[in-house]
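With PDB, C-alpha atoms inside, this is final14.pdb:
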ATOM      1  CA  MET A  12     -61.324 -40.567 -59.919
ATOM      2  CA  CYS A  13     -62.752 -38.281 -57.300
ATOM      3  CA  GLU A  14     -61.000 -35.038 -57.938
ATOM      4  CA  ALA A  15     -63.084 -31.859 -58.238
ATOM      5  CA  ASN A  16     -62.958 -28.573 -60.076
ATOM      6  CA  ALA A  17     -62.405 -25.437 -58.013
ATOM      7  CA  TYR A  18     -64.367 -22.341 -58.981
ATOM      8  CA  LEU A  19     -63.798 -18.840 -57.696
ATOM      9  CA  LYS A  20     -66.889 -16.886 -56.790
ATOM     10  CA  ASP A  21     -66.897 -13.534 -58.563
ATOM     11  CA  GLY A  22     -70.106 -11.715 -57.746
ATOM     12  CA  ASP A  23     -72.878 -13.892 -59.101
ATOM     13  CA  ASN A  24     -70.510 -15.818 -61.339
ATOM     14  CA  GLU A  25     -68.278 -18.763 -60.622
ATOM     15  CA  VAL A  26     -65.079 -18.794 -62.640
ATOM     16  CA  LEU A  27     -63.071 -21.969 -63.065
ATOM     17  CA  PHE A  28     -59.870 -21.604 -61.062
ATOM     18  CA  MET A  29     -58.331 -25.072 -61.208
ATOM     19  CA  GLU A  30     -59.367 -28.427 -62.597
ATOM     20  CA  SER A  31     -58.841 -31.903 -61.154
ATOM     21  CA  VAL A  32     -58.106 -30.731 -57.626
ATOM     22  CA  ASP A  33     -57.026 -33.412 -55.174
ATOM     23  CA  ILE A  34     -55.673 -31.590 -52.117
ATOM     24  CA  ILE A  35     -56.636 -28.299 -50.506
ATOM     25  CA  GLU A  36     -54.836 -27.094 -47.412
ATOM     26  CA  PRO A  37     -54.220 -23.800 -45.620
ATOM     27  CA  TYR A  38     -51.229 -21.814 -46.799
ATOM     28  CA  GLU A  39     -50.252 -18.461 -45.312
ATOM     29  CA  ASN A  40     -53.280 -16.192 -45.750
ATOM     30  CA  GLY A  41     -55.048 -18.468 -48.163
ATOM     31  CA  LEU A  42     -55.154 -21.909 -49.654
ATOM     32  CA  LYS A  43     -52.825 -24.183 -51.529
ATOM     33  CA  LEU A  44     -54.479 -26.403 -54.103
ATOM     34  CA  MET A  45     -52.795 -29.371 -55.712
ATOM     35  CA  ASP A  46     -54.237 -31.179 -58.684
ATOM     36  CA  ILE A  47     -53.965 -34.876 -59.472
ATOM     37  CA  PHE A  48     -50.860 -34.198 -61.578
ATOM     38  CA  GLY A  49     -49.039 -32.491 -58.703
ATOM     39  CA  LYS A  50     -49.398 -28.950 -60.005
ATOM     40  CA  GLN A  51     -49.840 -26.426 -57.200
ATOM     41  CA  MET A  52     -51.675 -23.138 -57.127
ATOM     42  CA  PHE A  53     -52.054 -20.621 -54.335
ATOM     43  CA  ILE A  54     -54.948 -18.280 -53.786
ATOM     44  CA  GLN A  55     -55.958 -15.906 -51.069
ATOM     45  CA  ALA A  56     -59.362 -17.396 -50.564
ATOM     46  CA  LYS A  57     -61.394 -19.690 -48.386
ATOM     47  CA  ILE A  58     -63.623 -22.621 -49.202
ATOM     48  CA  LYS A  59     -67.177 -21.370 -49.457
ATOM     49  CA  ASP A  60     -68.950 -24.620 -50.154
ATOM     50  CA  MET A  61     -68.656 -27.836 -52.090
ATOM     51  CA  THR A  62     -70.731 -30.561 -53.653
ATOM     52  CA  LEU A  63     -68.517 -33.573 -54.038
ATOM     53  CA  LEU A  64     -70.883 -35.679 -56.115
ATOM     54  CA  ASN A  65     -70.929 -32.789 -58.590
ATOM     55  CA  HIS A  66     -67.134 -32.419 -58.305
ATOM     56  CA  ARG A  67     -67.518 -28.730 -57.491
ATOM     57  CA  ILE A  68     -65.659 -26.682 -54.901
ATOM     58  CA  ILE A  69     -66.480 -23.001 -54.606
ATOM     59  CA  LEU A  70     -63.775 -20.648 -53.351
ATOM     60  CA  GLU A  71     -64.308 -17.094 -52.164
ATOM     61  CA  ARG A  72     -61.594 -14.445 -52.061
ATOM     62  CA  THR A  73     -60.604 -13.143 -48.637
ATOM     63  CA  ASP A  74     -59.008  -9.843 -47.677
ATOM     64  CA  ILE A  75     -55.656  -9.891 -45.937
TER      65      ILE A  75
ATOM     66  CA  MET B   3     -69.206 -42.399 -55.856
ATOM     67  CA  CYS B   4     -67.104 -39.475 -54.806
ATOM     68  CA  GLU B   5     -68.355 -38.715 -51.367
ATOM     69  CA  ALA B   6     -65.820 -38.275 -48.553
ATOM     70  CA  ASN B   7     -65.608 -38.867 -44.849
ATOM     71  CA  ALA B   8     -65.389 -35.830 -42.598
ATOM     72  CA  TYR B   9     -63.067 -36.014 -39.610
ATOM     73  CA  LEU B  10     -62.900 -33.571 -36.739
ATOM     74  CA  LYS B  11     -59.443 -32.601 -35.604
ATOM     75  CA  ASP B  12     -59.078 -33.138 -31.857
ATOM     76  CA  GLY B  13     -55.532 -32.298 -30.844
ATOM     77  CA  ASP B  14     -53.340 -34.737 -32.711
ATOM     78  CA  ASN B  15     -56.223 -37.069 -33.438
ATOM     79  CA  GLU B  16     -58.833 -37.002 -36.164
ATOM     80  CA  VAL B  17     -62.197 -38.356 -35.105
ATOM     81  CA  LEU B  18     -64.745 -39.483 -37.673
ATOM     82  CA  PHE B  19     -67.596 -36.971 -37.661
ATOM     83  CA  MET B  20     -69.693 -37.990 -40.658
ATOM     84  CA  GLU B  21     -69.393 -40.582 -43.405
ATOM     85  CA  SER B  22     -70.309 -40.297 -47.079
ATOM     86  CA  VAL B  23     -70.442 -36.505 -47.138
ATOM     87  CA  ASP B  24     -71.643 -34.936 -50.372
ATOM     88  CA  ILE B  25     -72.330 -31.271 -49.599
ATOM     89  CA  ILE B  26     -70.648 -28.846 -47.224
ATOM     90  CA  GLU B  27     -71.850 -25.284 -46.973
ATOM     91  CA  PRO B  28     -71.692 -22.431 -44.474
ATOM     92  CA  TYR B  29     -74.428 -22.355 -41.872
ATOM     93  CA  GLU B  30     -74.660 -19.699 -39.181
ATOM     94  CA  ASN B  31     -71.366 -19.866 -37.256
ATOM     95  CA  GLY B  32     -70.271 -23.145 -38.744
ATOM     96  CA  LEU B  33     -70.942 -25.693 -41.422
ATOM     97  CA  LYS B  34     -73.815 -27.792 -42.596
ATOM     98  CA  LEU B  35     -72.860 -31.201 -43.945
ATOM     99  CA  MET B  36     -75.184 -33.388 -45.959
ATOM    100  CA  ASP B  37     -74.433 -37.000 -46.754
ATOM    101  CA  ILE B  38     -75.395 -38.903 -49.862
ATOM    102  CA  PHE B  39     -78.557 -40.132 -48.126
ATOM    103  CA  GLY B  40     -79.723 -36.588 -47.361
ATOM    104  CA  LYS B  41     -78.933 -36.693 -43.653
ATOM    105  CA  GLN B  42     -77.768 -33.314 -42.349
ATOM    106  CA  MET B  43     -75.406 -32.466 -39.514
ATOM    107  CA  PHE B  44     -74.304 -29.105 -38.218
ATOM    108  CA  ILE B  45     -71.010 -28.302 -36.577
ATOM    109  CA  GLN B  46     -69.313 -25.159 -35.439
ATOM    110  CA  ALA B  47     -66.164 -25.727 -37.401
ATOM    111  CA  LYS B  48     -64.317 -24.798 -40.542
ATOM    112  CA  ILE B  49     -62.710 -26.911 -43.217
ATOM    113  CA  LYS B  50     -59.041 -27.310 -42.376
ATOM    114  CA  ASP B  51     -57.928 -29.337 -45.345
ATOM    115  CA  MET B  52     -58.986 -32.154 -47.632
ATOM    116  CA  THR B  53     -57.581 -34.861 -49.849
ATOM    117  CA  LEU B  54     -60.302 -35.844 -52.259
ATOM    118  CA  LEU B  55     -58.575 -38.872 -53.739
ATOM    119  CA  ASN B  56     -58.330 -40.213 -50.190
ATOM    120  CA  HIS B  57     -61.949 -39.211 -49.514
ATOM    121  CA  ARG B  58     -60.879 -37.290 -46.425
ATOM    122  CA  ILE B  59     -62.049 -33.894 -45.224
ATOM    123  CA  ILE B  60     -60.597 -32.535 -41.999
ATOM    124  CA  LEU B  61     -62.710 -30.132 -39.950
ATOM    125  CA  GLU B  62     -61.470 -27.948 -37.119
ATOM    126  CA  ARG B  63     -63.666 -26.513 -34.392
ATOM    127  CA  THR B  64     -64.026 -22.749 -34.273
ATOM    128  CA  ASP B  65     -64.929 -20.481 -31.371
ATOM    129  CA  ILE B  66     -67.990 -18.312 -31.668
TER     130      ILE B  66
END

Take the structure in the file and write it out as structure tokens.
Amino acid sequence: MCEANAYLKDGDNEVLFMESVDIIEPYENGLKLMDIFGKQMFIQAKIKDMTLLNHRIILERTDI
Amino acid sequence: MCEANAYLKDGDNEVLFMESVDIIEPYENGLKLMDIFGKQMFIQAKIKDMTLLNHRIILERTDI
């Protein structure tokens, strides 16, 4: 399976936000993430970078 | 392998921009993409959405 884990950048740290992410799409001021089980989470953030072979997506909070 | 193909949104169409993408990261006004072979491409765009299980990343051009 090719899902990835989404981490939220917090200063120099990266905190796990959601595991097994399949879909990321824009939603209002931020992003909607859906995992492989269909669970949805919303966050006011943008995609900073990603390394798919490492299954890592880094999100960064945005201001309104 | 969990690479994805990156498509550029062009009106209602999505045109293949780069295959077998591993890494996407910010670069100057846009994005740098690197494929699993190490080839790099730059594009003035942002990530619009993605479906990892479908190996699809949709990019959207941005103005400077």

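Residue nearest chain A within the list B:Val17, B:Ala47, B:Leu10, B:Leu55: B:Leu55 [criterion: smallest interatomic distance, all atoms listed in the file].
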
On this file, the ChimeraX specification (/A :<12) & /B gives some set of residues; write that set as a PDB file with C-alpha atoms, in the frame of the given file.
ATOM      1  CA  MET B   3     -69.206 -42.399 -55.856  1.00  0.00           C
ATOM      2  CA  CYS B   4     -67.104 -39.475 -54.806  1.00  0.00           C
ATOM      3  CA  GLU B   5     -68.355 -38.715 -51.367  1.00  0.00           C
ATOM      4  CA  ALA B   6     -65.820 -38.275 -48.553  1.00  0.00           C
ATOM      5  CA  ASN B   7     -65.608 -38.867 -44.849  1.00  0.00           C
ATOM      6  CA  SER B  22     -70.309 -40.297 -47.079  1.00  0.00           C
ATOM      7  CA  VAL B  23     -70.442 -36.505 -47.138  1.00  0.00           C
ATOM      8  CA  ASP B  24     -71.643 -34.936 -50.372  1.00  0.00           C
ATOM      9  CA  ILE B  25     -72.330 -31.271 -49.599  1.00  0.00           C
ATOM     10  CA  ILE B  26     -70.648 -28.846 -47.224  1.00  0.00           C
ATOM     11  CA  GLU B  27     -71.850 -25.284 -46.973  1.00  0.00           C
ATOM     12  CA  PRO B  28     -71.692 -22.431 -44.474  1.00  0.00           C
ATOM     13  CA  TYR B  29     -74.428 -22.355 -41.872  1.00  0.00           C
ATOM     14  CA  GLY B  32     -70.271 -23.145 -38.744  1.00  0.00           C
ATOM     15  CA  LEU B  33     -70.942 -25.693 -41.422  1.00  0.00           C
ATOM     16  CA  LYS B  34     -73.815 -27.792 -42.596  1.00  0.00           C
ATOM     17  CA  LEU B  35     -72.860 -31.201 -43.945  1.00  0.00           C
ATOM     18  CA  MET B  36     -75.184 -33.388 -45.959  1.00  0.00           C
ATOM     19  CA  ASP B  37     -74.433 -37.000 -46.754  1.00  0.00           C
ATOM     20  CA  ILE B  38     -75.395 -38.903 -49.862  1.00  0.00           C
ATOM     21  CA  PHE B  39     -78.557 -40.132 -48.126  1.00  0.00           C
ATOM     22  CA  LYS B  48     -64.317 -24.798 -40.542  1.00  0.00           C
ATOM     23  CA  ILE B  49     -62.710 -26.911 -43.217  1.00  0.00           C
ATOM     24  CA  LYS B  50     -59.041 -27.310 -42.376  1.00  0.00           C
ATOM     25  CA  ASP B  51     -57.928 -29.337 -45.345  1.00  0.00           C
ATOM     26  CA  MET B  52     -58.986 -32.154 -47.632  1.00  0.00           C
ATOM     27  CA  THR B  53     -57.581 -34.861 -49.849  1.00  0.00           C
ATOM     28  CA  LEU B  54     -60.302 -35.844 -52.259  1.00  0.00           C
ATOM     29  CA  LEU B  55     -58.575 -38.872 -53.739  1.00  0.00           C
ATOM     30  CA  ASN B  56     -58.330 -40.213 -50.190  1.00  0.00           C
ATOM     31  CA  HIS B  57     -61.949 -39.211 -49.514  1.00  0.00           C
ATOM     32  CA  ARG B  58     -60.879 -37.290 -46.425  1.00  0.00           C
ATOM     33  CA  ILE B  59     -62.049 -33.894 -45.224  1.00  0.00           C
ATOM     34  CA  ILE B  60     -60.597 -32.535 -41.999  1.00  0.00           C
ATOM     35  CA  LEU B  61     -62.710 -30.132 -39.950  1.00  0.00           C
ATOM     36  CA  GLU B  62     -61.470 -27.948 -37.119  1.00  0.00           C
TER      37      GLU B  62
END

Next item on the list: Calculate how many Å separate atom CA of Gly13 of chain B from atom CA of Ile45 of chain B, rounding to one decimal.
Entry: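 Interatomic distance here is 17.0 Å.
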
Check: In Å to one decimal, how far is atom CA of Met20 of chain B from atom CA of Gly49 of chain A?
Finding: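 Answer for the atom CA of Gly49 of chain A to atom CA of Met20 of chain B separation: 28.0 Å.
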
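You will find atom CA of Asp14 of chain B at 23.8 Å from atom CA of Asn31 of chain B.
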